[in-house]
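Enquirer: Pasting a structure here, questions to come.
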Amino acid sequence: MSEIRPELAQKVARAKQVSAAVRAIYLSNGGDVLDRQIRHCDAVLDLTLACRESELARARQGHVLREKGERPHISPSEGRLNSDKLTRYCDRRADLLLQARARVNEALRAFDPQTDAEFQAALEFAIDSENALPAESSGSEKAATAQPTLMEQGKEFVEMPDIPTIFKSLTGEDVELFKQAVTRRDPAAMERALRNHPPEVRAAMAKFVSAA
């Protein structure tokens with residue numbers, strides 16, 4: 001068997017990393033509960049089909065009526081109800097997975113990782129931050145929809161800095177310093193990257209990197 005080209009192997013590995021990150025974000029947004037609901041509906045529908053197939057086999061033998069007091073394990077109405085639920089759950093799962101993938105793609109676009117370490121750091125950033133690099137929108141729309149995100153600081157929770165806006169304000173070598181700070185979780189590097197920003201912004205981002 002011929003060896004896989006290094007660049008192709010890297011693409012395969014990164015695709016698997018992205019899928020794992022998407023799955024992690026999906027699960028953190030209630031995907032585990034949704035998956036259990038889908039499995040439950042699947043089980044009910046399987047039993048519904050088994051009941052109908054059993055009744056069909058008996059009908060072919062001339063037994064078209066149930067015995068007195070006999071009931072199927074799953075009624076036709078219950079089967080239809082679970083079928084409708086399954087459709088809604090599957091639609092919801094598809095929406096959550098699309099949102100998770102968009103969040104990962106936006107993090108990768110913003111950080112533009114060049115190394116495997118930077119790539120993994122960008123994925124971790126997308127997974128860990130509840131408000132990680134949202135998709136582009138107009139200024140008025142951002143003002144109307146922005147919600148503060150909290151991060152833990154000791155026994156308290158403080159508002160997390162507006163990371164997308166801070167990142168987009170950087171130029172030149174500060175962009176690379178910022179990426180390195182996130183990759184290495186280095187508060188000192190973050191302080192250097194944001195040397196032209198207000199002290200409260202530098203302090204907040206240094207705490208964010210330390211807690212990452």
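Ordered as shown in the structure tokens, chains take letters A, B, and onward, while each chain numbers its residues from 1 and ligands are numbered from 1 in the order shown.
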Quick one: residues within 9 Å of Pro72 (chain A), only C-alpha atoms, excluding same-chain residues fewer than 3 positions away - as a list of chain:residue names?
Expert: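 Once the nearby chain positions are removed, what remains is A:Thr48, A:Cys51, A:Arg52, A:Glu55, A:Ser75, A:Pro76.
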Enquirer: Pull the alpha helix (DSSP H) assignments for region 7-212 of chain A out of DSSP run on the backbone, and list those residues as a VMD selection string.
Expert: chain A and resid 7 to 26 32 to 60 76 to 111 116 to 128 139 to 145 163 to 168 173 to 184 187 to 193 199 to 211
Enquirer: Tell me which protein, DNA and RNA residues are within 10 Å of Asn105 (chain A), counting only C-alpha atoms, leaving out same-chain ones fewer than 2 positions away, and put them as a PDB file with C-alpha atoms, in the first residue's frame.
Expert:
```pdb
ATOM      1  CA  VAL A  18     -12.920  19.948  12.694  1.00  0.00           C
ATOM      2  CA  VAL A  22     -18.236  20.562  15.625  1.00  0.00           C
ATOM      3  CA  GLN A  99     -24.377  26.436  13.601  1.00  0.00           C
ATOM      4  CA  ALA A 100     -21.476  24.577  15.197  1.00  0.00           C
ATOM      5  CA  ARG A 101     -19.666  24.177  11.885  1.00  0.00           C
ATOM      6  CA  ALA A 102     -20.190  27.864  11.074  1.00  0.00           C
ATOM      7  CA  ARG A 103     -18.654  28.770  14.435  1.00  0.00           C
ATOM      8  CA  ALA A 107     -12.684  30.857  14.066  1.00  0.00           C
ATOM      9  CA  LEU A 108     -10.434  29.304  11.435  1.00  0.00           C
ATOM     10  CA  ARG A 109     -11.044  32.199   9.057  1.00  0.00           C
ATOM     11  CA  ALA A 110     -10.267  34.805  11.705  1.00  0.00           C
ATOM     12  CA  ALA A 122      -8.305  28.000  16.926  1.00  0.00           C
ATOM     13  CA  LEU A 123     -10.537  24.937  17.326  1.00  0.00           C
ATOM     14  CA  ALA A 126     -14.252  27.973  19.041  1.00  0.00           C
ATOM     15  CA  LEU A 133     -16.061  35.003  16.654  1.00  0.00           C
ATOM     16  CA  ALA A 135     -20.392  35.717  11.715  1.00  0.00           C
TER      17      ALA A 135
END
```
Enquirer: Set the distance at 10 Å and use only C-alpha atoms: which residues neighbour Asp116 (chain A) once local chain neighbours fewer than 3 positions away are removed? I'd like the list as an NGL selection string.
Expert: :A and (10 or 13-14 or 113 or 119-122)
Enquirer: Those residues with all heavy atoms, as a PDB file, in the first residue's frame please?
Expert:
```pdb
ATOM      1  N   GLN A  10      -2.284  15.618   6.290  1.00  0.00           N
ATOM      2  CA  GLN A  10      -2.612  16.749   7.148  1.00  0.00           C
ATOM      3  C   GLN A  10      -4.053  17.190   6.947  1.00  0.00           C
ATOM      4  O   GLN A  10      -4.766  17.495   7.916  1.00  0.00           O
ATOM      5  CB  GLN A  10      -1.665  17.918   6.863  1.00  0.00           C
ATOM      6  CG  GLN A  10      -1.888  19.112   7.790  1.00  0.00           C
ATOM      7  CD  GLN A  10      -1.075  20.322   7.389  1.00  0.00           C
ATOM      8  OE1 GLN A  10      -1.187  20.810   6.267  1.00  0.00           O
ATOM      9  NE2 GLN A  10      -0.251  20.812   8.297  1.00  0.00           N
ATOM     10  N   ALA A  13      -6.288  14.721   8.686  1.00  0.00           N
ATOM     11  CA  ALA A  13      -6.221  14.889  10.137  1.00  0.00           C
ATOM     12  C   ALA A  13      -6.986  16.127  10.585  1.00  0.00           C
ATOM     13  O   ALA A  13      -7.716  16.097  11.587  1.00  0.00           O
ATOM     14  CB  ALA A  13      -4.757  14.982  10.583  1.00  0.00           C
ATOM     15  N   ARG A  14      -6.834  17.227   9.822  1.00  0.00           N
ATOM     16  CA  ARG A  14      -7.528  18.463  10.205  1.00  0.00           C
ATOM     17  C   ARG A  14      -9.034  18.340  10.003  1.00  0.00           C
ATOM     18  O   ARG A  14      -9.818  18.908  10.786  1.00  0.00           O
ATOM     19  CB  ARG A  14      -6.962  19.640   9.406  1.00  0.00           C
ATOM     20  CG  ARG A  14      -5.558  20.031   9.847  1.00  0.00           C
ATOM     21  CD  ARG A  14      -5.082  21.317   9.204  1.00  0.00           C
ATOM     22  NE  ARG A  14      -3.823  21.759   9.780  1.00  0.00           N
ATOM     23  CZ  ARG A  14      -3.207  22.889   9.474  1.00  0.00           C
ATOM     24  NH1 ARG A  14      -3.755  23.706   8.576  1.00  0.00           N
ATOM     25  NH2 ARG A  14      -2.064  23.226  10.051  1.00  0.00           N
ATOM     26  N   PRO A 113      -4.850  29.902  10.867  1.00  0.00           N
ATOM     27  CA  PRO A 113      -3.717  29.141  11.424  1.00  0.00           C
ATOM     28  C   PRO A 113      -2.774  28.621  10.350  1.00  0.00           C
ATOM     29  O   PRO A 113      -3.207  28.151   9.295  1.00  0.00           O
ATOM     30  CB  PRO A 113      -4.417  27.981  12.157  1.00  0.00           C
ATOM     31  CG  PRO A 113      -5.734  27.841  11.468  1.00  0.00           C
ATOM     32  CD  PRO A 113      -6.133  29.219  11.066  1.00  0.00           C
ATOM     33  N   PHE A 119      -3.728  25.671  14.488  1.00  0.00           N
ATOM     34  CA  PHE A 119      -5.000  25.108  14.046  1.00  0.00           C
ATOM     35  C   PHE A 119      -5.777  24.549  15.240  1.00  0.00           C
ATOM     36  O   PHE A 119      -6.973  24.811  15.400  1.00  0.00           O
ATOM     37  CB  PHE A 119      -4.743  23.997  13.014  1.00  0.00           C
ATOM     38  CG  PHE A 119      -5.973  23.498  12.319  1.00  0.00           C
ATOM     39  CD1 PHE A 119      -6.464  24.145  11.193  1.00  0.00           C
ATOM     40  CD2 PHE A 119      -6.643  22.374  12.778  1.00  0.00           C
ATOM     41  CE1 PHE A 119      -7.602  23.700  10.539  1.00  0.00           C
ATOM     42  CE2 PHE A 119      -7.788  21.913  12.131  1.00  0.00           C
ATOM     43  CZ  PHE A 119      -8.262  22.567  11.009  1.00  0.00           C
ATOM     44  N   GLN A 120      -5.075  23.795  16.094  1.00  0.00           N
ATOM     45  CA  GLN A 120      -5.724  23.223  17.266  1.00  0.00           C
ATOM     46  C   GLN A 120      -6.164  24.311  18.234  1.00  0.00           C
ATOM     47  O   GLN A 120      -7.239  24.226  18.840  1.00  0.00           O
ATOM     48  CB  GLN A 120      -4.766  22.248  17.972  1.00  0.00           C
ATOM     49  CG  GLN A 120      -5.369  21.537  19.177  1.00  0.00           C
ATOM     50  CD  GLN A 120      -6.597  20.716  18.814  1.00  0.00           C
ATOM     51  OE1 GLN A 120      -6.644  20.087  17.755  1.00  0.00           O
ATOM     52  NE2 GLN A 120      -7.597  20.734  19.675  1.00  0.00           N
ATOM     53  N   ALA A 121      -5.359  25.352  18.369  1.00  0.00           N
ATOM     54  CA  ALA A 121      -5.717  26.458  19.263  1.00  0.00           C
ATOM     55  C   ALA A 121      -6.985  27.162  18.785  1.00  0.00           C
ATOM     56  O   ALA A 121      -7.845  27.541  19.592  1.00  0.00           O
ATOM     57  CB  ALA A 121      -4.564  27.451  19.360  1.00  0.00           C
ATOM     58  N   ALA A 122      -7.107  27.357  17.479  1.00  0.00           N
ATOM     59  CA  ALA A 122      -8.305  28.000  16.926  1.00  0.00           C
ATOM     60  C   ALA A 122      -9.539  27.153  17.192  1.00  0.00           C
ATOM     61  O   ALA A 122     -10.609  27.669  17.536  1.00  0.00           O
ATOM     62  CB  ALA A 122      -8.134  28.229  15.430  1.00  0.00           C
TER      63      ALA A 122
END
```
Enquirer: If we count only C-alpha atoms and set the cut-off at 12 Å, which residues sit around Ala203 (chain A), ignoring sequence neighbours fewer than 3 positions away in its own chain? Please answer as a PyMOL selection string.
Expert: chain A and resi 160-161+187-195+197-200+206-210
Enquirer: Quick one: residues within 12 Å of Gly31 (chain A), only C-alpha atoms, excluding same-chain residues fewer than 2 positions away - as a ChimeraX atom specification?
Expert: /A:22-29,33-38,89-90,92-97,100
Enquirer: Closest to Ile127 (chain A) among A:Ala43, A:Ala15, A:Leu65, A:Ala20, using only C-alpha atoms?
Expert: A:Ala20
Enquirer: Go ahead and compute the interatomic distance for CA of Lys179 (chain A) and CA of Ile166 (chain A), in Å to one decimal.
Expert: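 Computed distance, CA of Lys179 (chain A) to CA of Ile166 (chain A), equals 12.2 Å.
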